[in-house]
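Data file: start27.txt. Format and content: compact mmCIF, C-alpha atoms and all ligand atoms.
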```
# COMPACT_ATOMS: atom_id res chain seq x y z
CA MET A 1 89.14 91.83 70.98
CA PHE A 2 92.30 93.03 72.73
CA SER A 3 95.43 91.26 71.64
CA LEU A 4 99.10 91.83 72.32
CA GLU A 5 100.07 90.69 68.88
CA PHE A 6 98.60 93.91 67.59
CA LEU A 7 101.12 96.35 66.25
CA PRO A 8 100.34 99.79 64.90
CA LYS A 9 99.82 99.52 61.15
CA PRO A 10 99.03 102.05 58.44
CA VAL A 11 95.37 102.32 59.36
CA LEU A 12 94.22 104.96 56.95
CA GLN A 13 94.22 104.57 53.22
CA LYS A 14 93.73 108.29 52.71
CA PRO A 15 96.72 110.40 53.65
CA HIS A 16 94.65 113.59 53.96
CA LEU A 17 92.90 112.15 56.96
CA PHE A 18 96.11 111.93 58.96
CA SER A 19 95.78 115.62 59.62
CA LYS A 20 92.54 114.82 61.41
CA LEU A 21 93.95 112.20 63.76
CA VAL A 22 93.37 112.87 67.43
CA ASP A 23 95.24 111.32 70.28
CA HIS A 24 92.78 109.61 72.55
CA SER A 25 95.66 107.96 74.30
CA LEU A 26 94.07 108.36 77.69
CA VAL A 27 91.22 105.98 77.28
CA PRO A 28 89.08 105.91 80.40
CA ASN A 29 88.23 102.62 82.04
CA ALA A 30 91.41 101.08 80.74
CA SER A 31 91.04 98.08 82.98
CA SER A 32 88.22 96.88 80.73
CA PRO A 33 89.14 93.72 78.79
CA LYS A 34 88.71 95.69 75.58
CA HIS A 35 91.65 97.95 76.42
CA GLY A 36 95.33 97.28 76.48
CA SER A 37 98.60 99.08 76.74
CA ILE A 38 101.06 98.62 73.91
CA ARG A 39 104.30 100.56 73.62
CA GLY A 40 103.05 102.91 76.30
CA ILE A 41 99.93 103.85 74.32
CA ARG A 42 96.55 102.67 75.48
CA THR A 43 94.79 101.14 72.53
CA LEU A 44 91.41 99.76 71.77
CA ARG A 45 90.69 97.40 68.96
CA ILE A 46 87.43 98.17 67.30
CA SER A 47 85.71 96.07 64.72
CA ILE A 48 84.47 98.18 61.91
CA GLN A 49 84.23 95.76 59.05
CA SER A 50 84.75 97.32 55.67
CA VAL A 51 84.12 100.88 56.78
CA GLY A 52 85.54 103.44 54.35
CA SER A 53 89.01 104.36 55.42
CA VAL A 54 89.11 102.77 58.85
CA ASP A 55 90.89 99.45 59.04
CA SER A 56 89.31 96.64 61.03
CA LYS A 57 92.21 96.82 63.48
CA THR A 58 92.19 100.51 64.19
CA GLU A 59 93.72 102.03 67.27
CA ILE A 60 91.39 104.38 69.05
CA SER A 61 94.23 106.88 69.13
CA ASN A 62 94.03 107.03 65.35
CA VAL A 63 90.31 107.70 64.98
CA PRO A 64 89.99 110.79 62.84
CA VAL A 65 87.67 113.69 63.56
CA LEU A 66 86.03 114.50 60.25
CA SER A 67 84.37 117.55 58.83
CA CYS A 68 80.91 117.21 57.29
CA SER A 69 82.32 117.14 53.76
CA GLU A 70 84.91 114.52 54.76
CA VAL A 71 82.14 112.37 56.26
CA LEU A 72 80.26 112.62 52.97
CA GLU A 73 83.38 111.65 51.07
CA GLU A 74 83.83 108.64 53.35
CA LEU A 75 80.19 107.67 52.99
CA LYS A 76 80.64 107.75 49.22
CA THR A 77 83.71 105.50 49.47
CA TYR A 78 81.83 103.16 51.78
CA ARG A 79 78.87 102.88 49.41
CA GLU A 80 81.19 102.29 46.44
CA LYS A 81 82.91 99.52 48.38
CA ILE A 82 79.76 97.66 49.36
CA LYS A 83 78.00 98.06 46.01
CA GLY A 84 76.56 94.60 45.83
CA LYS A 85 73.36 92.78 45.23
CA GLN A 86 71.03 95.66 46.06
CA GLN A 87 71.18 99.11 44.56
CA TYR A 88 69.48 102.07 46.21
CA LEU A 89 68.24 104.34 43.47
CA ALA A 90 66.45 107.16 45.31
CA MET A 91 65.54 108.24 48.82
CA TYR A 92 63.03 110.76 50.06
CA SER A 93 63.39 112.29 53.51
CA SER A 94 61.05 114.80 55.11
CA VAL A 95 64.05 115.84 57.24
CA PHE A 96 65.90 117.26 54.24
CA GLY A 97 62.66 117.83 52.38
CA GLY A 98 63.62 116.23 49.10
CA ILE A 99 64.81 113.26 47.11
CA THR A 100 68.42 112.20 46.64
CA THR A 101 69.73 109.67 44.15
CA ASP A 102 73.15 109.53 45.81
CA PRO A 103 73.31 106.45 48.08
CA ALA A 104 75.92 108.19 50.25
CA ALA A 105 73.32 110.75 51.31
CA MET A 106 70.63 108.16 52.10
CA VAL A 107 70.93 108.49 55.84
CA ILE A 108 68.62 109.30 58.75
CA PRO A 109 69.36 111.28 61.92
CA MET A 110 70.82 109.31 64.81
CA ASP A 111 68.37 110.90 67.26
CA ASP A 112 65.32 109.84 65.27
CA HIS A 113 63.03 108.04 67.73
CA MET A 114 62.87 105.14 65.28
CA VAL A 115 66.60 104.45 65.66
CA HIS A 116 66.97 104.37 69.41
CA ARG A 117 63.46 103.44 70.56
CA GLY A 118 62.02 101.58 67.60
CA HIS A 119 59.22 104.12 67.45
CA GLY A 120 58.49 103.85 63.76
CA VAL A 121 56.39 101.92 61.26
CA PHE A 122 57.06 100.88 57.70
CA ASP A 123 55.57 99.33 54.64
CA THR A 124 56.47 98.41 51.09
CA ALA A 125 55.16 98.17 47.54
CA ALA A 126 56.62 96.28 44.61
CA ILE A 127 57.54 98.12 41.41
CA MET A 128 56.72 96.03 38.38
CA ASP A 129 57.21 97.23 34.80
CA GLY A 130 56.85 100.85 35.88
CA TYR A 131 53.76 100.33 38.06
CA LEU A 132 53.43 100.30 41.83
CA TYR A 133 51.65 97.13 42.90
CA GLU A 134 49.00 97.43 45.63
CA LEU A 135 50.31 100.82 46.74
CA ASP A 136 46.97 101.91 48.20
CA GLN A 137 46.45 98.69 50.12
CA HIS A 138 49.94 98.98 51.65
CA LEU A 139 49.45 102.69 52.29
CA ASP A 140 46.21 102.00 54.20
CA ARG A 141 48.02 99.49 56.43
CA PHE A 142 50.94 101.93 56.83
CA LEU A 143 48.62 104.63 58.17
CA ARG A 144 46.81 102.13 60.41
CA SER A 145 50.19 101.08 61.84
CA ALA A 146 51.12 104.75 62.37
CA SER A 147 47.85 105.36 64.17
CA SER A 148 48.26 102.37 66.51
CA SER A 149 51.84 103.54 67.18
CA LYS A 150 50.56 107.04 68.00
CA ILE A 151 52.59 108.61 65.22
CA ASP A 152 50.87 111.59 63.66
CA PRO A 153 52.14 111.69 60.05
CA PRO A 154 53.76 114.94 58.89
CA PHE A 155 51.54 114.98 55.77
CA ASP A 156 48.10 113.71 54.85
CA ARG A 157 47.58 110.48 52.90
CA GLU A 158 47.37 112.13 49.48
CA ILE A 159 50.65 114.00 49.93
CA ILE A 160 52.42 110.89 51.25
CA ARG A 161 51.14 108.97 48.23
CA LYS A 162 52.38 111.67 45.83
CA LEU A 163 55.78 111.81 47.55
CA LEU A 164 56.15 108.03 47.25
CA ILE A 165 55.24 108.04 43.56
CA GLN A 166 57.61 110.96 42.89
CA THR A 167 60.43 109.13 44.65
CA VAL A 168 59.93 106.11 42.37
CA SER A 169 59.76 108.44 39.38
CA ALA A 170 63.06 110.12 40.35
CA SER A 171 64.66 106.69 40.78
CA LYS A 172 63.75 105.70 37.17
CA CYS A 173 63.32 102.21 38.60
CA ARG A 174 60.90 99.98 36.67
CA LYS A 175 61.42 96.76 38.61
CA GLY A 176 62.21 96.75 42.27
CA SER A 177 60.69 97.74 45.54
CA LEU A 178 59.69 100.82 47.44
CA ARG A 179 60.07 100.88 51.23
CA TYR A 180 58.85 103.71 53.42
CA TRP A 181 58.84 104.63 57.09
CA LEU A 182 56.96 106.95 59.38
CA SER A 183 58.74 107.80 62.58
CA ALA A 184 58.12 109.94 65.64
CA GLY A 185 61.04 111.91 64.23
CA PRO A 186 64.36 113.34 65.38
CA GLY A 187 64.55 115.02 68.76
CA ASP A 188 66.45 113.35 71.56
CA PHE A 189 67.25 109.96 73.06
CA GLN A 190 64.51 109.94 75.70
CA LEU A 191 61.82 107.29 75.91
CA SER A 192 58.98 109.73 75.46
CA PRO A 193 58.61 111.19 71.97
CA SER A 194 57.60 114.52 73.50
CA GLY A 195 61.04 115.92 72.63
CA CYS A 196 60.73 114.91 68.98
CA ASP A 197 60.35 117.98 66.84
CA LYS A 198 58.12 116.55 64.11
CA SER A 199 57.29 113.11 62.77
CA SER A 200 59.35 112.09 59.75
CA LEU A 201 58.71 110.24 56.52
CA TYR A 202 61.44 108.36 54.70
CA ALA A 203 61.22 106.31 51.51
CA ILE A 204 63.76 104.37 49.50
CA VAL A 205 63.69 102.69 46.10
CA ILE A 206 65.64 99.47 45.75
CA GLN A 207 66.42 97.93 42.40
CA ASP A 208 65.40 94.32 42.22
CA ILE A 209 67.63 92.01 40.28
CA LEU A 210 66.56 88.69 41.72
CA PRO A 211 63.94 86.66 39.86
CA PHE A 212 61.19 85.16 42.01
CA ASN A 213 61.99 81.71 43.27
CA SER A 214 59.28 79.08 43.05
CA SER A 215 61.16 76.11 44.44
CA GLY A 216 59.77 74.36 47.50
CA VAL A 217 61.24 75.16 50.91
CA LYS A 218 61.41 73.58 54.33
CA VAL A 219 60.01 75.40 57.38
CA VAL A 220 60.26 74.74 61.11
CA THR A 221 58.02 75.67 64.03
CA SER A 222 59.50 78.79 65.59
CA SER A 223 60.58 78.63 69.22
CA ILE A 224 60.90 82.43 69.33
CA PRO A 225 57.74 83.81 70.95
CA ILE A 226 55.24 85.42 68.60
CA LYS A 227 54.44 89.08 69.23
CA PRO A 228 51.20 89.66 71.13
CA PRO A 229 48.32 90.59 68.77
CA GLN A 230 48.54 94.34 69.48
CA PHE A 231 52.10 94.38 68.09
CA ALA A 232 51.78 91.57 65.54
CA THR A 233 48.99 93.46 63.74
CA THR A 234 51.12 96.63 63.51
CA LYS A 235 53.94 96.78 60.99
CA SER A 236 56.40 98.53 63.26
CA VAL A 237 60.18 98.52 62.92
CA ASN A 238 60.45 96.15 65.90
CA TYR A 239 61.41 93.03 63.98
CA LEU A 240 63.76 91.49 66.54
CA PRO A 241 61.53 88.40 67.10
CA ASN A 242 61.14 88.09 63.32
CA VAL A 243 64.89 88.28 62.74
CA LEU A 244 65.64 85.77 65.51
CA SER A 245 62.99 83.44 64.15
CA LYS A 246 64.51 83.63 60.67
CA MET A 247 68.00 83.02 62.08
CA GLU A 248 66.79 80.06 64.11
CA ALA A 249 65.25 78.56 60.97
CA GLU A 250 68.39 79.12 58.91
CA GLU A 251 70.48 77.48 61.63
CA ALA A 252 68.18 74.45 61.30
CA GLY A 253 68.63 74.41 57.52
CA ALA A 254 65.13 75.76 56.93
CA PHE A 255 63.83 78.80 55.08
CA VAL A 256 61.73 80.36 57.87
CA GLY A 257 60.06 79.58 61.17
CA ILE A 258 56.29 79.28 61.48
CA TRP A 259 54.68 80.95 64.45
CA LEU A 260 51.77 79.50 66.35
CA ASP A 261 49.42 81.82 68.22
CA SER A 262 48.71 81.76 71.97
CA ASP A 263 46.04 79.08 71.39
CA GLY A 264 48.39 76.89 69.37
CA PHE A 265 46.84 77.67 65.99
CA VAL A 266 48.98 78.39 62.93
CA ALA A 267 49.77 82.11 62.82
CA GLU A 268 52.33 83.38 60.28
CA GLY A 269 55.96 83.46 59.23
CA PRO A 270 58.42 86.22 60.14
CA ASN A 271 57.62 88.25 57.03
CA MET A 272 54.91 86.36 55.29
CA ASN A 273 51.53 84.74 55.81
CA VAL A 274 50.82 81.03 55.53
CA ALA A 275 48.11 79.14 53.64
CA PHE A 276 47.21 75.52 52.94
CA VAL A 277 45.29 73.42 50.49
CA SER A 278 43.36 70.85 52.50
CA LYS A 279 42.80 67.22 51.53
CA ASP A 280 39.34 68.16 50.24
CA LYS A 281 40.83 70.93 48.05
CA GLU A 282 39.93 73.97 50.11
CA LEU A 283 42.30 76.91 50.30
CA ILE A 284 42.57 77.68 54.00
CA MET A 285 44.25 80.63 55.66
CA PRO A 286 44.47 81.65 59.34
CA TYR A 287 42.43 84.63 60.62
CA PHE A 288 44.24 87.96 60.50
CA ASP A 289 43.20 89.22 63.93
CA LYS A 290 46.42 88.17 65.72
CA ILE A 291 48.90 88.54 62.86
CA LEU A 292 49.83 91.03 60.18
CA SER A 293 47.09 91.52 57.66
CA GLY A 294 49.09 90.62 54.56
CA CYS A 295 48.26 92.57 51.43
CA THR A 296 49.50 89.71 49.24
CA ALA A 297 47.53 87.09 51.21
CA LYS A 298 44.34 89.16 50.90
CA ARG A 299 44.91 89.55 47.16
CA VAL A 300 45.51 85.80 46.87
CA LEU A 301 42.14 85.18 48.56
CA THR A 302 40.47 87.24 45.82
CA LEU A 303 42.47 85.80 42.93
CA ALA A 304 41.89 82.23 44.15
CA GLU A 305 38.20 82.58 43.31
CA CYS A 306 39.02 81.89 39.67
CA LEU A 307 40.58 78.56 40.71
CA VAL A 308 37.27 77.70 42.36
CA LYS A 309 35.49 78.52 39.09
CA GLU A 310 37.99 76.37 37.17
CA GLY A 311 37.38 73.49 39.58
CA LYS A 312 40.98 73.43 40.87
CA LEU A 313 39.70 74.40 44.34
CA LYS A 314 36.46 73.43 46.08
CA GLY A 315 36.37 76.54 48.26
CA ILE A 316 38.26 79.24 50.16
CA ARG A 317 38.10 79.66 53.91
CA VAL A 318 39.71 81.91 56.51
CA LYS A 319 39.66 79.99 59.78
CA ASN A 320 41.63 78.72 62.74
CA VAL A 321 44.12 76.18 61.41
CA THR A 322 45.56 73.54 63.72
CA VAL A 323 49.13 72.34 63.35
CA ASP A 324 47.88 68.82 62.64
CA GLU A 325 45.58 70.10 59.90
CA GLY A 326 48.44 72.13 58.42
CA LYS A 327 50.93 69.30 58.48
CA LYS A 328 48.44 66.87 56.91
CA SER A 329 47.42 69.31 54.16
CA ASP A 330 47.99 68.58 50.48
CA GLU A 331 49.85 71.84 49.96
CA MET A 332 51.35 74.52 52.16
CA MET A 333 52.57 77.91 51.00
CA LEU A 334 54.15 81.14 52.25
CA ILE A 335 52.58 84.35 50.95
CA GLY A 336 53.98 87.88 51.10
CA SER A 337 55.41 90.76 49.06
CA GLY A 338 58.90 89.33 49.45
CA VAL A 339 58.22 85.74 48.47
CA LEU A 340 54.97 86.19 46.52
CA VAL A 341 53.71 82.59 46.77
CA ARG A 342 56.36 80.07 47.81
CA PRO A 343 55.63 76.36 48.13
CA VAL A 344 56.50 74.59 51.38
CA VAL A 345 57.44 70.94 50.96
CA GLN A 346 58.35 70.10 54.54
CA TRP A 347 57.31 71.42 57.98
CA ASP A 348 59.53 70.16 60.79
CA ASP A 349 59.83 66.41 60.11
CA GLN A 350 56.56 66.23 58.20
CA VAL A 351 56.66 66.09 54.41
CA ILE A 352 53.77 68.15 53.01
CA GLY A 353 51.60 66.34 50.45
CA ASP A 354 53.81 64.36 48.10
CA GLY A 355 56.85 66.46 48.99
CA LYS A 356 56.73 68.36 45.71
CA GLU A 357 55.62 71.88 44.83
CA GLY A 358 51.82 71.73 44.64
CA PRO A 359 49.72 72.64 41.57
CA VAL A 360 47.41 75.08 43.42
CA THR A 361 50.43 76.90 44.89
CA GLN A 362 51.93 77.17 41.40
CA SER A 363 48.61 78.47 39.99
CA LEU A 364 48.36 81.08 42.77
CA LEU A 365 51.93 82.22 42.09
CA ASN A 366 51.12 82.57 38.39
CA LEU A 367 47.96 84.53 39.24
CA ILE A 368 49.83 86.97 41.50
CA VAL A 369 52.63 87.51 38.95
CA GLU A 370 50.01 88.05 36.24
CA ASP A 371 48.15 90.48 38.51
CA MET A 372 51.38 92.44 39.09
CA LYS A 373 51.93 92.66 35.34
CA SER A 374 48.42 93.31 34.12
CA GLY A 375 46.01 93.56 37.06
CA PRO A 376 43.22 96.16 37.29
CA PRO A 377 43.84 99.88 38.15
CA PRO A 378 43.14 99.53 41.90
CA VAL A 379 46.22 97.30 42.27
CA ARG A 380 48.46 98.92 39.62
CA ILE A 381 49.40 102.57 39.95
CA PRO A 382 51.36 103.89 36.95
CA VAL A 383 54.54 105.82 37.76
CA PRO A 384 55.01 108.93 35.60
CA TYR A 385 58.72 108.81 34.70
C1 LIG A 401 55.03 89.51 59.98
C2 LIG A 401 54.55 89.59 58.57
N1 LIG A 401 53.48 88.87 58.21
C3 LIG A 401 53.01 88.91 56.94
C4 LIG A 401 53.63 89.70 55.97
C5 LIG A 401 53.10 89.72 54.57
O1 LIG A 401 52.55 90.97 54.25
P1 LIG A 401 52.53 91.53 52.78
O2 LIG A 401 51.89 90.51 51.94
O3 LIG A 401 51.70 92.75 52.88
O4 LIG A 401 53.91 91.77 52.37
C6 LIG A 401 54.73 90.48 56.33
C7 LIG A 401 55.36 91.34 55.34
O5 LIG A 401 56.37 91.93 55.51
C8 LIG A 401 55.21 90.43 57.67
O6 LIG A 401 56.26 91.16 58.04
```
Please re-express this file's structure in structure tokens.
Amino acid sequence: MFSLEFLPKPVLQKPHLFSKLVDHSLVPNASSPKHGSIRGIRTLRISIQSVGSVDSKTEISNVPVLSCSEVLEELKTYREKIKGKQQYLAMYSSVFGGITTDPAAMVIPMDDHMVHRGHGVFDTAAIMDGYLYELDQHLDRFLRSASSSKIDPPFDREIIRKLLIQTVSASKCRKGSLRYWLSAGPGDFQLSPSGCDKSSLYAIVIQDILPFNSSGVKVVTSSIPIKPPQFATTKSVNYLPNVLSKMEAEEAGAFVGIWLDSDGFVAEGPNMNVAFVSKDKELIMPYFDKILSGCTAKRVLTLAECLVKEGKLKGIRVKNVTVDEGKKSDEMMLIGSGVLVRPVVQWDDQVIGDGKEGPVTQSLLNLIVEDMKSGPPPVRIPVPY
């Protein structure tokens, strides 16, 4: 990062912040490759891409010390600048005990055990036409994940549920998604959560502007190790393997990587389950005991029964699925809240079926979308706006 071509430039766009500049000219450990001496001043180049008022080539000697209100002002500027594809409409935090609709204030404490130690769990629910889809199913999994992570929630289930619904109500969002976290809470930076004052609940409402994509995708077998069952069945915030798997797939020109379990059977994708339509027209899905129990996949298993009645499927089975079986199937699909039901047309070098989006996959996607729009009360919770 250090470069001699660097010359001091006007680094702050806001003149008022000049009064806050501090001279850190004596940077310790100056022999580090990150440090250099220019015009007698030790400088450090730091990369803060697109942060409020700090240029990407800022000298450490020019880093301002900000008051709380100045930080808020900068956070507002930052949010304005990166206003892009996703809009955050409301956030609840048990730390400040309320809901904010100002994206600049949608922050969590740095010493929350979830930040530094990954000691937190999360879940989601889609918001469709003013209803929360499968909120209770996701909430059940959320609390199971909290229990297996030894996080004692700050409120009981009913209160958490009400807080989530109220947050969506305050957001006025009618189409989007709700994400929520339970964490061991703020306290300190130790490994043990014993210094954490109280567990925390956070929730955010994100406006969804992207229509669901039903085009077929390519997948690859993931070389990133799958999480062991104890962690794969818990929806914790530790998604490093999932992120690396997704990145590996993207680098290979694929949509996602497919994990195999320790016995070599098909497991899941990094944020979705996998299912197949066999040659003899059976919908097959891997067991959920070593992977995340997907709410969407479970709903698909129920909804698929009508395809059996219509004769489009011969049966539905949850079983161990071999790679060979999967690759030779008529149809393959990814299933999850994020993708709904997405056809897979190629796995590694193997074209699936005739290489086109399959009819059963398309029917299952239609059934899920229909269920989100007009399913029965247990899967559609109305939001009182
Ligand atoms: C690892 C993993 N598997 C499966 C799923 C699908 O679960 P759901 O349908 O509840 O979204 C997810 C969802 O995020 C996931 O992260």
- Message: What's the separation between atom CA of A:Leu143 and atom CA of A:Tyr92, in Å to one decimal place?
- Response: 17.6 Å
- Do you know which residues are at most 9 Å from A:Ile352 counting all atoms listed in the file, after dropping those on the same chain fewer than 4 positions away, and could you put them as number ranges by chain? A: 326-332, 344-347, 356
- In Å, with one decimal, what is the gap from atom CA of A:Val205 to atom CA of A:Gly336? 18.4 Å
- Item | Contacts of ligand LIG 401 (chain A), 8 Å or closer, all atoms listed in the file, given as number ranges by chain | A: 123-124, 138, 232, 235, 242, 268-273, 291-298, 335-338, 340
- Message: Calculated over all atoms listed in the file, which of the candidates A:Leu164, A:Phe265, A:Gly97, A:Ala170 has the smallest distance to A:Leu139?
- Response: A:Leu164
- Task: Please measure the separation of atom CA of A:Thr221 and atom CA of A:Pro286, giving the value in Å to one decimal.
- Result: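 Calculated distance between atom CA of A:Thr221 and atom CA of A:Pro286 is 15.5 Å.
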- Task: Go through A:Asp263, A:Ala304, A:Ser194, A:Ile316 one by one, measure the shortest atom-to-atom distance of each to A:Leu365 using only C-alpha atoms, and give the residue with the smallest value.
- Result: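 Smallest distance to A:Leu365 is found for A:Ala304.
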- Item | Minimum-distance residue to A:Ile165, chosen among A:Val351, A:Leu301, A:Ala105, A:Leu178 (using all atoms listed in the file) | A:Leu178
- Task: May I ask which of the residues A:Val321, A:Ala254, A:Ala203, A:Leu182 is the closest one to A:Val277, counting all atoms listed in the file?
- Result: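 When distances to A:Val277 are compared using all atoms listed in the file, the smallest one comes from A:Val321.
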- Message: Between A:Met114, A:Val71, A:Val65, A:Ile108, which residue has the minimum interatomic distance to A:Asn238, considering all atoms listed in the file?
- Response: A:Met114
Could you give me, as a PDB file with C-alpha atoms, in the frame of the given file, the residues that sit within 12 Å of (63.0, 104.4, 34.2) in the file's coordinates, counting only C-alpha atoms?
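out-v9.pdb written:
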```
ATOM      1  CA  LEU A  89      68.240 104.340  43.470  1.00  0.00           C
ATOM      2  CA  ALA A  90      66.450 107.160  45.310  1.00  0.00           C
ATOM      3  CA  ILE A 127      57.540  98.120  41.410  1.00  0.00           C
ATOM      4  CA  MET A 128      56.720  96.030  38.380  1.00  0.00           C
ATOM      5  CA  ASP A 129      57.210  97.230  34.800  1.00  0.00           C
ATOM      6  CA  GLY A 130      56.850 100.850  35.880  1.00  0.00           C
ATOM      7  CA  TYR A 131      53.760 100.330  38.060  1.00  0.00           C
ATOM      8  CA  THR A 167      60.430 109.130  44.650  1.00  0.00           C
ATOM      9  CA  VAL A 168      59.930 106.110  42.370  1.00  0.00           C
ATOM     10  CA  SER A 169      59.760 108.440  39.380  1.00  0.00           C
ATOM     11  CA  ALA A 170      63.060 110.120  40.350  1.00  0.00           C
ATOM     12  CA  SER A 171      64.660 106.690  40.780  1.00  0.00           C
ATOM     13  CA  LYS A 172      63.750 105.700  37.170  1.00  0.00           C
ATOM     14  CA  CYS A 173      63.320 102.210  38.600  1.00  0.00           C
ATOM     15  CA  ARG A 174      60.900  99.980  36.670  1.00  0.00           C
ATOM     16  CA  LYS A 175      61.420  96.760  38.610  1.00  0.00           C
ATOM     17  CA  GLY A 176      62.210  96.750  42.270  1.00  0.00           C
ATOM     18  CA  GLN A 207      66.420  97.930  42.400  1.00  0.00           C
ATOM     19  CA  PRO A 382      51.360 103.890  36.950  1.00  0.00           C
ATOM     20  CA  VAL A 383      54.540 105.820  37.760  1.00  0.00           C
ATOM     21  CA  PRO A 384      55.010 108.930  35.600  1.00  0.00           C
ATOM     22  CA  TYR A 385      58.720 108.810  34.700  1.00  0.00           C
TER      23      TYR A 385
END
```
- Taking (47.2, 78.5, 64.2) in the file's coordinates, which residues come within 6 Å, counting all atoms listed in the file, written as a PyMOL selection string? chain A and resi 260-261+264-267+320-322
- Query: Nearest to A:Ile258 among A:Ala184, A:Met333, A:Arg299, A:Pro154, with distances taken over all atoms listed in the file: which residue is it?
  - Reply: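 For A:Ile258, the nearest of the candidates is A:Met333.
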- Query: Residues at most 12 Å from A:Gly195, counting only C-alpha atoms, excluding those fewer than 3 positions away in the same chain, as a list in words?
  - Reply: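 Near neighbours after the sequence-gap exclusion: Asp111, Asp112, His113, Ala184, Gly185, Pro186, Gly187, Asp188, Phe189, Gln190, Leu191, Ser192, Lys198 and Ser199 of chain A.
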Show me, as a PDB file with C-alpha atoms, keeping the file's coordinate frame, the residues that have an atom within 9 Å of A:Glu248 when counting all atoms listed in the file, minus same-chain residues fewer than 2 positions from it.
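Written output follows (result35.pdb):
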```pdb
ATOM      1  CA  VAL A 220      60.260  74.740  61.110  1.00  0.00           C
ATOM      2  CA  SER A 222      59.500  78.790  65.590  1.00  0.00           C
ATOM      3  CA  SER A 223      60.580  78.630  69.220  1.00  0.00           C
ATOM      4  CA  ILE A 224      60.900  82.430  69.330  1.00  0.00           C
ATOM      5  CA  VAL A 243      64.890  88.280  62.740  1.00  0.00           C
ATOM      6  CA  LEU A 244      65.640  85.770  65.510  1.00  0.00           C
ATOM      7  CA  SER A 245      62.990  83.440  64.150  1.00  0.00           C
ATOM      8  CA  LYS A 246      64.510  83.630  60.670  1.00  0.00           C
ATOM      9  CA  GLU A 250      68.390  79.120  58.910  1.00  0.00           C
ATOM     10  CA  GLU A 251      70.480  77.480  61.630  1.00  0.00           C
ATOM     11  CA  ALA A 252      68.180  74.450  61.300  1.00  0.00           C
ATOM     12  CA  GLY A 253      68.630  74.410  57.520  1.00  0.00           C
ATOM     13  CA  ALA A 254      65.130  75.760  56.930  1.00  0.00           C
ATOM     14  CA  VAL A 256      61.730  80.360  57.870  1.00  0.00           C
ATOM     15  CA  GLY A 257      60.060  79.580  61.170  1.00  0.00           C
TER      16      GLY A 257
END
```
